[in-house]
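S.K.: Structure: input_30.cif, mmCIF, C-alpha atoms.
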```cif
data_my_file
#
loop_
_atom_site.label_atom_id
_atom_site.label_comp_id
_atom_site.auth_asym_id
_atom_site.auth_seq_id
_atom_site.Cartn_x
_atom_site.Cartn_y
_atom_site.Cartn_z
CA MET V 1 31.22 232.60 -61.84
CA ARG V 2 27.80 230.93 -61.78
CA ILE V 3 28.24 227.16 -61.70
CA LEU V 4 25.59 224.53 -62.33
CA LEU V 5 26.16 221.09 -60.80
CA ILE V 6 23.95 218.35 -62.18
CA GLY V 7 23.11 215.47 -59.84
CA SER V 8 21.77 214.69 -56.38
CA GLY V 9 23.87 211.94 -54.79
CA GLY V 10 26.67 211.73 -52.28
CA ARG V 11 29.20 212.20 -55.07
CA GLU V 12 27.53 215.46 -56.06
CA HIS V 13 27.34 216.67 -52.45
CA ALA V 14 31.11 216.13 -52.17
CA LEU V 15 31.66 217.97 -55.46
CA ALA V 16 29.37 220.78 -54.31
CA TRP V 17 31.37 221.07 -51.09
CA ALA V 18 34.62 221.43 -53.05
CA ILE V 19 33.20 223.75 -55.73
CA ALA V 20 31.48 226.07 -53.26
CA ALA V 21 34.81 226.58 -51.48
CA SER V 22 36.42 227.98 -54.65
CA PRO V 23 36.96 231.76 -54.84
CA LEU V 24 35.85 231.47 -58.47
CA CYS V 25 32.37 230.27 -57.49
CA ASP V 26 30.02 233.24 -56.97
CA GLU V 27 26.92 231.05 -56.91
CA LEU V 28 26.40 227.30 -57.01
CA ILE V 29 23.16 225.92 -58.36
CA SER V 30 22.51 222.19 -57.95
CA ALA V 31 19.98 220.38 -60.10
CA PRO V 32 18.10 218.71 -58.56
CA GLY V 33 20.43 218.55 -55.55
CA ASN V 34 19.58 217.27 -52.09
CA PRO V 35 19.12 218.80 -48.61
CA GLY V 36 22.85 218.67 -47.93
CA MET V 37 23.66 220.44 -51.19
CA ALA V 38 21.01 223.06 -50.36
CA THR V 39 23.29 224.33 -47.57
CA LEU V 40 25.91 225.22 -50.20
CA GLY V 41 23.73 226.93 -52.79
CA ARG V 42 20.32 226.84 -54.44
CA CYS V 43 18.70 223.58 -55.54
CA VAL V 44 16.44 223.57 -58.60
CA PRO V 45 14.26 220.57 -59.55
CA VAL V 46 14.94 219.15 -62.99
CA ASP V 47 14.67 215.85 -64.84
CA LEU V 48 18.28 214.74 -65.33
CA MET V 49 17.34 212.80 -68.45
CA ASP V 50 15.65 215.78 -70.15
CA ASN V 51 18.44 217.45 -72.09
CA ALA V 52 16.22 220.30 -73.26
CA ALA V 53 15.30 221.05 -69.65
CA LEU V 54 18.98 221.08 -68.64
CA VAL V 55 19.83 223.53 -71.42
CA ALA V 56 16.87 225.73 -70.53
CA LEU V 57 17.91 225.77 -66.87
CA ALA V 58 21.47 226.74 -67.76
CA ARG V 59 20.15 229.50 -70.01
CA ASP V 60 17.63 230.82 -67.48
CA GLU V 61 20.24 230.89 -64.70
CA LYS V 62 22.89 232.51 -66.95
CA ILE V 63 25.34 229.72 -66.11
CA ASP V 64 29.05 230.14 -66.85
CA PHE V 65 30.16 226.56 -66.25
CA VAL V 66 28.37 223.20 -65.91
CA VAL V 67 29.60 220.08 -64.08
CA VAL V 68 27.73 216.85 -64.86
CA GLY V 69 28.02 214.34 -61.99
CA PRO V 70 26.08 211.09 -62.68
CA ASP V 71 26.52 208.46 -65.37
CA ASN V 72 23.00 208.37 -66.83
CA PRO V 73 22.89 212.01 -68.04
CA LEU V 74 26.35 211.55 -69.59
CA ALA V 75 25.22 208.42 -71.45
CA ASN V 76 22.09 210.34 -72.49
CA GLY V 77 24.10 213.09 -74.20
CA ALA V 78 23.71 215.89 -71.64
CA VAL V 79 27.16 217.28 -72.41
CA ASP V 80 26.46 217.29 -76.16
CA ALA V 81 23.21 219.19 -75.64
CA LEU V 82 24.76 221.73 -73.29
CA ASN V 83 27.74 222.27 -75.58
CA ALA V 84 25.38 222.80 -78.50
CA GLY V 85 23.58 225.37 -76.35
CA GLY V 86 26.80 227.31 -76.00
CA PHE V 87 27.79 226.23 -72.48
CA LYS V 88 31.19 225.17 -71.19
CA VAL V 89 30.81 221.74 -69.59
CA PHE V 90 32.93 219.32 -67.56
CA GLY V 91 32.18 215.77 -68.64
CA PRO V 92 32.47 213.46 -71.65
CA THR V 93 30.26 213.52 -74.72
CA GLN V 94 27.78 210.73 -75.30
CA ALA V 95 30.21 209.00 -77.68
CA ALA V 96 33.05 209.20 -75.17
CA ALA V 97 30.82 208.11 -72.28
CA GLN V 98 30.46 204.72 -73.99
CA LEU V 99 33.54 203.78 -71.98
CA GLU V 100 31.13 203.35 -69.08
CA ALA V 101 27.78 202.97 -70.82
CA SER V 102 28.89 199.85 -72.71
CA LYS V 103 31.22 197.31 -71.13
CA GLY V 104 31.47 195.57 -74.48
CA PHE V 105 32.64 198.79 -76.15
CA THR V 106 35.43 199.12 -73.60
CA LYS V 107 36.48 195.48 -73.87
CA ASP V 108 36.69 195.78 -77.65
CA LEU V 109 38.72 198.98 -77.28
CA CYS V 110 41.15 197.22 -74.94
CA ALA V 111 41.54 194.32 -77.37
CA GLU V 112 42.20 196.63 -80.32
CA PHE V 113 44.68 198.90 -78.56
CA ASP V 114 46.45 196.32 -76.38
CA ILE V 115 45.24 197.65 -73.03
CA PRO V 116 45.61 194.91 -70.36
CA THR V 117 42.28 193.44 -69.28
CA ALA V 118 40.56 190.09 -68.71
CA GLY V 119 39.72 187.76 -71.56
CA TYR V 120 36.08 188.01 -72.64
CA ARG V 121 33.29 187.30 -75.12
CA ARG V 122 30.24 189.46 -75.95
CA PHE V 123 26.74 188.06 -76.44
CA THR V 124 23.32 189.29 -77.51
CA ASP V 125 21.81 185.78 -77.53
CA ALA V 126 21.13 183.87 -74.30
CA ALA V 127 21.57 180.41 -75.81
CA ALA V 128 25.00 181.24 -77.23
CA ALA V 129 26.09 182.84 -73.96
CA LYS V 130 24.98 179.82 -71.93
CA ALA V 131 26.71 177.41 -74.27
CA TYR V 132 29.93 179.38 -73.86
CA ALA V 133 29.56 179.59 -70.05
CA LYS V 134 29.10 175.82 -69.81
CA THR V 135 32.62 175.35 -71.20
CA HIS V 136 34.28 178.22 -69.29
CA SER V 137 36.48 177.73 -66.26
CA VAL V 138 34.97 178.94 -62.98
CA PRO V 139 34.52 181.24 -61.28
CA VAL V 140 33.42 183.31 -64.26
CA VAL V 141 32.21 186.91 -64.42
CA ILE V 142 28.87 187.80 -66.02
CA LYS V 143 28.28 191.50 -66.77
CA ALA V 144 25.31 193.40 -68.10
CA ASP V 145 26.64 195.54 -70.94
CA GLY V 146 24.86 198.75 -69.97
CA LEU V 147 24.44 200.93 -66.89
CA ALA V 148 22.97 199.04 -63.93
CA LEU V 149 23.62 201.26 -60.89
CA GLY V 150 26.78 199.35 -60.04
CA LYS V 151 24.88 196.08 -59.62
CA GLY V 152 25.10 194.47 -63.06
CA VAL V 153 28.21 192.37 -62.34
CA VAL V 154 28.01 188.84 -60.94
CA ILE V 155 30.82 186.43 -60.11
CA ALA V 156 29.38 182.99 -60.78
CA PRO V 157 31.14 180.25 -58.74
CA THR V 158 29.83 177.40 -60.92
CA GLN V 159 28.80 176.95 -64.53
CA GLU V 160 25.24 176.32 -63.35
CA ASP V 161 25.24 179.65 -61.54
CA ALA V 162 26.59 181.34 -64.67
CA VAL V 163 23.75 179.91 -66.76
CA ALA V 164 21.20 181.08 -64.19
CA GLU V 165 22.65 184.60 -64.13
CA ILE V 166 22.64 184.77 -67.93
CA ASP V 167 18.95 183.85 -67.88
CA LEU V 168 18.28 186.58 -65.30
CA MET V 169 20.06 189.25 -67.32
CA PHE V 170 18.44 188.39 -70.61
CA GLY V 171 15.17 188.01 -68.71
CA GLY V 172 15.21 191.69 -67.79
CA ALA V 173 16.72 191.73 -64.29
CA PHE V 174 18.68 194.85 -65.26
CA GLY V 175 16.32 196.21 -67.89
CA ASP V 176 17.83 197.34 -71.16
CA ALA V 177 21.32 197.13 -69.63
CA GLY V 178 21.12 193.34 -69.88
CA LYS V 179 20.07 193.08 -73.52
CA SER V 180 23.74 192.49 -74.26
CA ILE V 181 26.19 190.85 -71.86
CA VAL V 182 29.89 190.18 -71.43
CA VAL V 183 31.20 186.85 -70.16
CA GLU V 184 34.62 187.50 -68.70
CA GLU V 185 37.60 185.69 -67.24
CA PHE V 186 37.82 185.94 -63.45
CA LEU V 187 41.03 187.65 -62.37
CA THR V 188 42.67 187.03 -59.01
CA GLY V 189 44.04 190.00 -57.11
CA GLU V 190 43.10 193.03 -55.05
CA GLU V 191 40.87 195.69 -56.60
CA VAL V 192 41.60 199.40 -56.57
CA SER V 193 40.00 202.56 -57.98
CA PHE V 194 42.35 204.75 -60.05
CA PHE V 195 41.37 208.24 -61.18
CA ALA V 196 42.64 210.53 -63.90
CA LEU V 197 41.26 213.70 -65.43
CA ALA V 198 41.44 214.14 -69.19
CA ASP V 199 41.03 216.96 -71.70
CA GLY V 200 41.07 214.85 -74.86
CA GLU V 201 44.87 214.96 -75.18
CA THR V 202 46.39 215.14 -71.69
CA ALA V 203 45.76 213.01 -68.62
CA LEU V 204 46.34 214.15 -65.03
CA PHE V 205 46.59 211.57 -62.26
CA PHE V 206 43.84 212.34 -59.74
CA GLY V 207 44.19 209.93 -56.88
CA THR V 208 43.44 206.38 -55.82
CA ALA V 209 40.92 204.78 -53.52
CA GLN V 210 39.70 201.37 -52.49
CA ASP V 211 35.97 200.84 -52.22
CA HIS V 212 33.85 198.08 -50.72
CA LYS V 213 31.14 196.81 -53.05
CA ARG V 214 29.61 193.99 -51.00
CA VAL V 215 26.84 194.85 -48.60
CA GLY V 216 28.17 192.83 -45.65
CA ASP V 217 31.24 192.81 -43.44
CA GLY V 218 34.13 190.76 -44.75
CA ASP V 219 32.97 191.52 -48.31
CA GLU V 220 30.05 189.12 -48.06
CA GLY V 221 26.61 189.41 -49.68
CA PRO V 222 25.40 190.97 -52.91
CA ASN V 223 27.09 193.79 -54.79
CA THR V 224 25.94 197.33 -54.11
CA GLY V 225 26.73 200.77 -55.47
CA GLY V 226 29.42 200.93 -52.78
CA MET V 227 29.36 200.75 -48.98
CA GLY V 228 32.46 202.80 -48.22
CA ALA V 229 35.96 203.73 -49.36
CA TYR V 230 39.30 205.14 -48.29
CA SER V 231 41.97 207.16 -50.08
CA PRO V 232 44.80 206.96 -50.95
CA ALA V 233 44.96 203.24 -51.64
CA ASP V 234 48.04 201.98 -49.82
CA ILE V 235 48.66 199.26 -52.41
CA VAL V 236 49.38 201.73 -55.25
CA PRO V 237 52.93 203.11 -54.87
CA PRO V 238 54.22 205.92 -57.16
CA MET V 239 55.89 203.42 -59.49
CA MET V 240 52.54 201.71 -60.08
CA VAL V 241 50.86 205.07 -60.73
CA ASP V 242 53.35 205.64 -63.56
CA LEU V 243 52.74 202.13 -64.88
CA VAL V 244 48.95 202.55 -64.95
CA MET V 245 49.19 205.97 -66.58
CA GLY V 246 51.53 204.59 -69.25
CA LYS V 247 49.87 201.24 -69.93
CA ILE V 248 46.17 201.96 -69.39
CA ILE V 249 45.15 205.64 -69.06
CA ARG V 250 47.17 207.31 -71.84
CA PRO V 251 46.57 204.48 -74.33
CA THR V 252 42.85 204.81 -73.63
CA LEU V 253 42.96 208.55 -74.40
CA ALA V 254 44.82 207.84 -77.63
CA ALA V 255 42.34 205.10 -78.53
CA MET V 256 39.33 207.35 -77.95
CA LYS V 257 40.89 210.09 -80.06
CA ALA V 258 41.54 207.55 -82.82
CA ARG V 259 37.90 206.47 -82.59
CA GLY V 260 36.80 210.08 -83.16
CA ALA V 261 35.48 210.47 -79.60
CA PRO V 262 38.11 212.40 -77.59
CA PHE V 263 37.54 211.91 -73.88
CA LYS V 264 37.17 214.94 -71.61
CA GLY V 265 36.26 214.39 -67.98
CA VAL V 266 36.99 211.73 -65.36
CA LEU V 267 38.58 208.45 -66.34
CA TYR V 268 37.83 206.21 -63.38
CA ALA V 269 39.60 202.92 -63.94
CA GLY V 270 38.53 199.96 -61.85
CA LEU V 271 41.72 197.91 -61.68
CA ILE V 272 42.73 194.54 -60.35
CA LEU V 273 46.32 194.05 -59.28
CA THR V 274 47.28 190.65 -60.65
CA ARG V 275 50.61 188.81 -60.60
CA GLU V 276 51.09 189.95 -64.18
CA GLY V 277 50.52 193.56 -63.21
CA PRO V 278 47.49 195.89 -63.07
CA LYS V 279 44.62 195.06 -65.43
CA LEU V 280 41.50 197.04 -66.27
CA ILE V 281 38.22 195.62 -65.00
CA GLU V 282 36.06 198.45 -66.30
CA TYR V 283 35.91 202.20 -66.81
CA ASN V 284 33.53 204.73 -65.34
CA ALA V 285 33.22 208.09 -67.06
CA ARG V 286 32.62 210.12 -63.88
CA PHE V 287 33.82 210.33 -60.30
CA GLY V 288 33.16 207.26 -58.20
CA ASP V 289 30.52 207.14 -55.52
CA PRO V 290 31.61 206.80 -52.69
CA GLU V 291 35.20 207.41 -53.86
CA CYS V 292 34.51 211.07 -54.61
CA GLN V 293 33.62 211.49 -50.96
CA VAL V 294 37.22 210.63 -49.98
CA LEU V 295 38.98 212.35 -52.89
CA MET V 296 37.46 215.80 -52.36
CA PRO V 297 38.47 216.13 -48.67
CA ARG V 298 42.07 215.25 -49.62
CA LEU V 299 42.30 217.70 -52.54
CA LYS V 300 44.22 220.80 -51.49
CA SER V 301 44.01 222.52 -54.89
CA ASP V 302 41.04 224.61 -56.03
CA ILE V 303 38.95 222.15 -58.04
CA VAL V 304 37.24 224.69 -60.29
CA PRO V 305 40.29 225.75 -62.38
CA ILE V 306 41.17 222.06 -62.83
CA LEU V 307 37.70 221.19 -64.14
CA ILE V 308 37.71 224.23 -66.43
CA ALA V 309 41.12 223.20 -67.78
CA CYS V 310 39.63 219.82 -68.70
CA ALA V 311 36.83 221.49 -70.64
CA ASP V 312 39.21 223.94 -72.34
CA GLY V 313 41.90 221.43 -73.33
CA GLN V 314 44.43 223.10 -71.00
CA LEU V 315 45.07 220.33 -68.50
CA ALA V 316 48.81 220.33 -69.24
CA HIS V 317 49.02 223.71 -67.50
CA VAL V 318 47.53 222.73 -64.11
CA ASP V 319 48.34 220.26 -61.37
CA ALA V 320 46.65 218.82 -58.30
CA ARG V 321 48.00 218.97 -54.75
CA TRP V 322 46.88 216.41 -52.19
CA SER V 323 46.85 216.08 -48.42
CA ASP V 324 49.07 213.33 -47.04
CA GLU V 325 46.27 212.33 -44.70
CA THR V 326 43.92 209.41 -45.30
CA ALA V 327 40.21 209.99 -45.84
CA LEU V 328 37.70 207.23 -45.11
CA THR V 329 33.96 207.25 -45.74
CA VAL V 330 31.30 204.85 -44.48
CA VAL V 331 27.96 204.61 -46.26
CA MET V 332 24.84 204.49 -44.10
CA ALA V 333 22.02 202.79 -45.99
CA THR V 334 18.35 202.09 -45.34
CA GLU V 335 17.48 198.64 -44.01
CA GLY V 336 16.84 196.28 -46.91
CA TYR V 337 19.41 197.80 -49.29
CA PRO V 338 20.41 196.72 -51.93
CA GLY V 339 16.90 195.34 -52.15
CA ALA V 340 13.64 197.21 -51.63
CA VAL V 341 13.71 199.91 -48.95
CA GLN V 342 11.10 201.94 -47.11
CA LYS V 343 11.43 205.70 -47.44
CA GLY V 344 10.56 208.35 -44.89
CA SER V 345 12.43 207.38 -41.72
CA VAL V 346 13.72 210.40 -39.79
CA ILE V 347 17.45 211.02 -39.41
CA GLY V 348 18.99 213.01 -36.56
CA GLY V 349 22.42 213.72 -35.14
CA ILE V 350 24.22 214.94 -38.25
CA ASP V 351 25.26 218.19 -36.56
CA ALA V 352 26.69 216.22 -33.65
CA ALA V 353 28.64 213.98 -36.03
CA GLU V 354 30.10 216.95 -37.87
CA ALA V 355 30.90 218.80 -34.63
CA GLY V 356 33.54 216.15 -33.98
CA GLY V 357 35.30 216.93 -37.25
CA ALA V 358 33.60 214.49 -39.62
CA LEU V 359 31.94 215.42 -42.91
CA VAL V 360 28.51 213.95 -43.64
CA PHE V 361 27.75 213.96 -47.34
CA GLN V 362 24.09 213.32 -48.10
CA ALA V 363 22.78 211.12 -50.89
CA GLY V 364 19.26 209.68 -50.69
CA THR V 365 17.78 212.30 -48.37
CA ALA V 366 14.72 214.56 -48.37
CA ARG V 367 12.80 216.89 -46.05
CA ASN V 368 9.34 215.90 -44.82
CA ALA V 369 6.42 218.30 -44.31
CA ALA V 370 7.72 219.16 -40.85
CA GLY V 371 11.16 219.98 -42.22
CA ALA V 372 12.89 216.94 -40.72
CA LEU V 373 15.62 215.15 -42.66
CA THR V 374 14.44 211.75 -43.91
CA ALA V 375 15.77 208.77 -45.82
CA ASN V 376 14.68 208.84 -49.44
CA GLY V 377 16.54 205.93 -50.99
CA GLY V 378 19.00 203.08 -50.46
CA ARG V 379 22.36 204.70 -49.85
CA VAL V 380 21.57 207.75 -47.70
CA LEU V 381 24.61 209.18 -45.87
CA ASN V 382 28.38 209.15 -46.37
CA VAL V 383 30.18 209.71 -43.07
CA THR V 384 33.73 210.82 -43.85
CA ALA V 385 36.72 211.43 -41.59
CA MET V 386 40.42 212.20 -42.00
CA GLY V 387 43.38 210.76 -40.14
CA ASN V 388 47.12 210.14 -40.20
CA SER V 389 46.43 206.50 -41.06
CA VAL V 390 43.57 204.36 -42.30
CA THR V 391 43.19 203.05 -38.77
CA GLN V 392 42.77 206.55 -37.33
CA ALA V 393 40.42 207.73 -40.08
CA GLN V 394 38.34 204.58 -39.63
CA ALA V 395 38.04 205.12 -35.88
CA ARG V 396 36.98 208.73 -36.37
CA ALA V 397 34.38 207.86 -39.02
CA TYR V 398 32.75 205.19 -36.85
CA ALA V 399 32.82 207.50 -33.84
CA ALA V 400 30.84 210.01 -35.91
CA ILE V 401 28.39 207.31 -37.00
CA GLY V 402 27.78 206.60 -33.33
CA LYS V 403 26.37 210.12 -32.97
CA ILE V 404 23.83 209.75 -35.79
CA ASP V 405 20.31 208.87 -34.66
CA TRP V 406 18.77 206.71 -37.36
CA PRO V 407 17.46 203.34 -36.15
CA GLN V 408 16.37 202.33 -39.67
CA GLY V 409 19.87 202.77 -41.07
CA PHE V 410 22.82 200.40 -41.16
CA SER V 411 26.45 200.39 -42.24
CA ARG V 412 29.30 197.97 -42.60
CA ALA V 413 31.58 197.86 -39.56
CA ASP V 414 34.84 197.15 -41.38
CA ILE V 415 35.43 199.74 -44.12
CA GLY V 416 39.17 199.88 -44.81
CA TRP V 417 39.78 196.48 -43.22
CA ARG V 418 42.50 195.34 -45.62
CA ALA V 419 44.54 198.50 -45.12
CA VAL V 420 44.00 198.42 -41.35
CA ARG V 421 45.29 194.84 -41.27
CA ARG V 422 48.36 195.83 -43.30
CA GLU V 423 49.03 198.73 -40.93
CA ARG V 424 48.87 196.41 -37.93
CA ASN V 425 51.33 194.02 -39.57
CA THR V 426 53.96 196.68 -40.33
#
```
Would you mind writing the file's structure down as structure tokens?
M.R.:
Amino acid sequence: MRILLIGSGGREHALAWAIAASPLCDELISAPGNPGMATLGRCVPVDLMDNAALVALARDEKIDFVVVGPDNPLANGAVDALNAGGFKVFGPTQAAAQLEASKGFTKDLCAEFDIPTAGYRRFTDAAAAKAYAKTHSVPVVIKADGLALGKGVVIAPTQEDAVAEIDLMFGGAFGDAGKSIVVEEFLTGEEVSFFALADGETALFFGTAQDHKRVGDGDEGPNTGGMGAYSPADIVPPMMVDLVMGKIIRPTLAAMKARGAPFKGVLYAGLILTREGPKLIEYNARFGDPECQVLMPRLKSDIVPILIACADGQLAHVDARWSDETALTVVMATEGYPGAVQKGSVIGGIDAAEAGGALVFQAGTARNAAGALTANGGRVLNVTAMGNSVTQAQARAYAAIGKIDWPQGFSRADIGWRAVRRERNT
């Protein structure tokens, strides 16, 4: 089987690693891919937002199955275009991808179908939003409605801060994503990432993780696309998995079907565990990044038949087997992230890191004219290790980071800290 994987980040490198290991995969083609993905198959340059180019590539390469990784192509209708071209695709249609592409769409869906979430109001007018924020209890959450690379969510500690953030969003800080916003109740509790696969009718639980959004140790500093994660999340016991599937995931599938947009692909629910039970913060319509980098190493089943079952509406006939070990990944980012970064710094030591048993999934990397691996973005490497506990996996991941030679890179020093603290107290 010739498989086309669309994307170029750490998430896609982890997917490529899992797909390439399948006996069903005769050739993996990544578009556009990255230097890490190039070790697993061919990489072909393509504009991810050019649906015609994606269809032409799939046709030229005689592709049997397509996996769409990132959010932007999904929101842009890549799956619709590829399906219309006659290709079998893993991923939601443009209509279904609204679950991620529009936070307001998802909040309205939750309100209509009684899916537990925070109270909210939607706004397309700055003055009305600011007037509402001035009367809202604090802290209050301000969200850009559209896709903003994981950075369009701000927790405002005061009403004055909320007003300032509303001005920033409507002023273009997040481009078109901020033309509409959601002002949302702040919920108290611990956050967790919950994954399910869906084929339009059936949902299959696909693991949990806990990520670390803030750039600094102790969860300080601005939000990022994610600085690290571990899986499974120790705060989600089997009973809670059943509760989330019954109260949030399956009702969402039914709601999307009722809306005429059946969801096929990854339902990634960002949850907060409140005293009243788990509540939905937001949905993503694809694997998380960096959560995918800890899910794939734990997956013992062949991923390709599972993804095909999603596309074919046959998910009820497959299952997923998981390692009991913990996986933990630490993101190495370029100095300055999540702000402006300088590209081109040389990275060494990846072979040494992997020789000790770690996996290094590449994200924002490139090769320079001399063939050396260089940083080509903000989040650059995902250093992943396994262990019998979060504590052990954490120690192994940071030991591997110690072997990477990249003076212009940095990472948090405390990924998994909540779980490590709980392990020490048991």
S.K.: Compare V:Asp50, V:Asp125, V:Asp289, V:Asp199 by their minimum atom-to-atom distance to Arg379 in chain V, counting all atoms listed in the file, and give me the closest one.
M.R.: V:Asp289
S.K.: When distances are computed from all atoms listed in the file, which of V:Glu160, V:Glu291, V:Asp242, V:Asp176 shows the smallest separation from Leu15 in chain V?
M.R.: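 Residue with the minimum atom-to-atom distance to Leu15 in chain V: V:Glu291.
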S.K.: For Ala111 in chain V, which residue among V:Ala419, V:Leu280, V:Val294, V:Ala173 is the nearest when counting all atoms listed in the file?
M.R.: V:Leu280
S.K.: Can you give me, as JSON, numbers by chain, the residues this file yields under the PyMOL selection byres ((chain V and resi 325) around 8)?
M.R.: {"V": [298, 323, 324, 326, 327, 386, 387, 388, 389]}
S.K.: Output C-alpha atoms for every residue in the selection just made, as a CSV table (one decimal), in the frame of the given file.
M.R.:
```
chain,number,residue,atom,x,y,z
V,298,ARG,CA,42.1,215.2,-49.6
V,323,SER,CA,46.8,216.1,-48.4
V,324,ASP,CA,49.1,213.3,-47.0
V,326,THR,CA,43.9,209.4,-45.3
V,327,ALA,CA,40.2,210.0,-45.8
V,386,MET,CA,40.4,212.2,-42.0
V,387,GLY,CA,43.4,210.8,-40.1
V,388,ASN,CA,47.1,210.1,-40.2
V,389,SER,CA,46.4,206.5,-41.1
```
S.K.: Residues picked by the PyMOL selection byres ((chain V and resi 399) around 12) here, as a PyMOL selection string?
M.R.: chain V and resi 329-330+352-358+383-385+392-398+400-404+413
S.K.: For Gly36 in chain V, which of V:Ile350, V:Ala370, V:Ala261, V:Met49 is the closest residue, counting all atoms listed in the file?
M.R.: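 Looking at the shortest contact to Gly36 in chain V, the residue is V:Ile350.
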S.K.: Of the candidates V:Gly85, V:Pro157, V:Gly416, V:Pro116, which shows the shortest atom-to-atom distance to Thr252 in chain V, using all atoms listed in the file?
M.R.: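 Answer, going by the shortest atom-to-atom distance: V:Pro116.
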S.K.: Distance CA of Ala58 in chain V-CA of Gly313 in chain V, one decimal place?
M.R.: 21.8 Å
S.K.: Write out as a list in words each polymer residue whose atoms come within 9 Å of Arg11 in chain V, counting only C-alpha atoms; drop sequence neighbours fewer than 2 positions from it.
M.R.: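 That gives Gly7, Ser8, Gly9, His13, Ala14, Leu15, Ala16, Gly69, Pro70, Phe287, Gly288, Asp289, Pro290, Glu291, Cys292, Gln293, Phe361, Gln362 and Ala363 of chain V.
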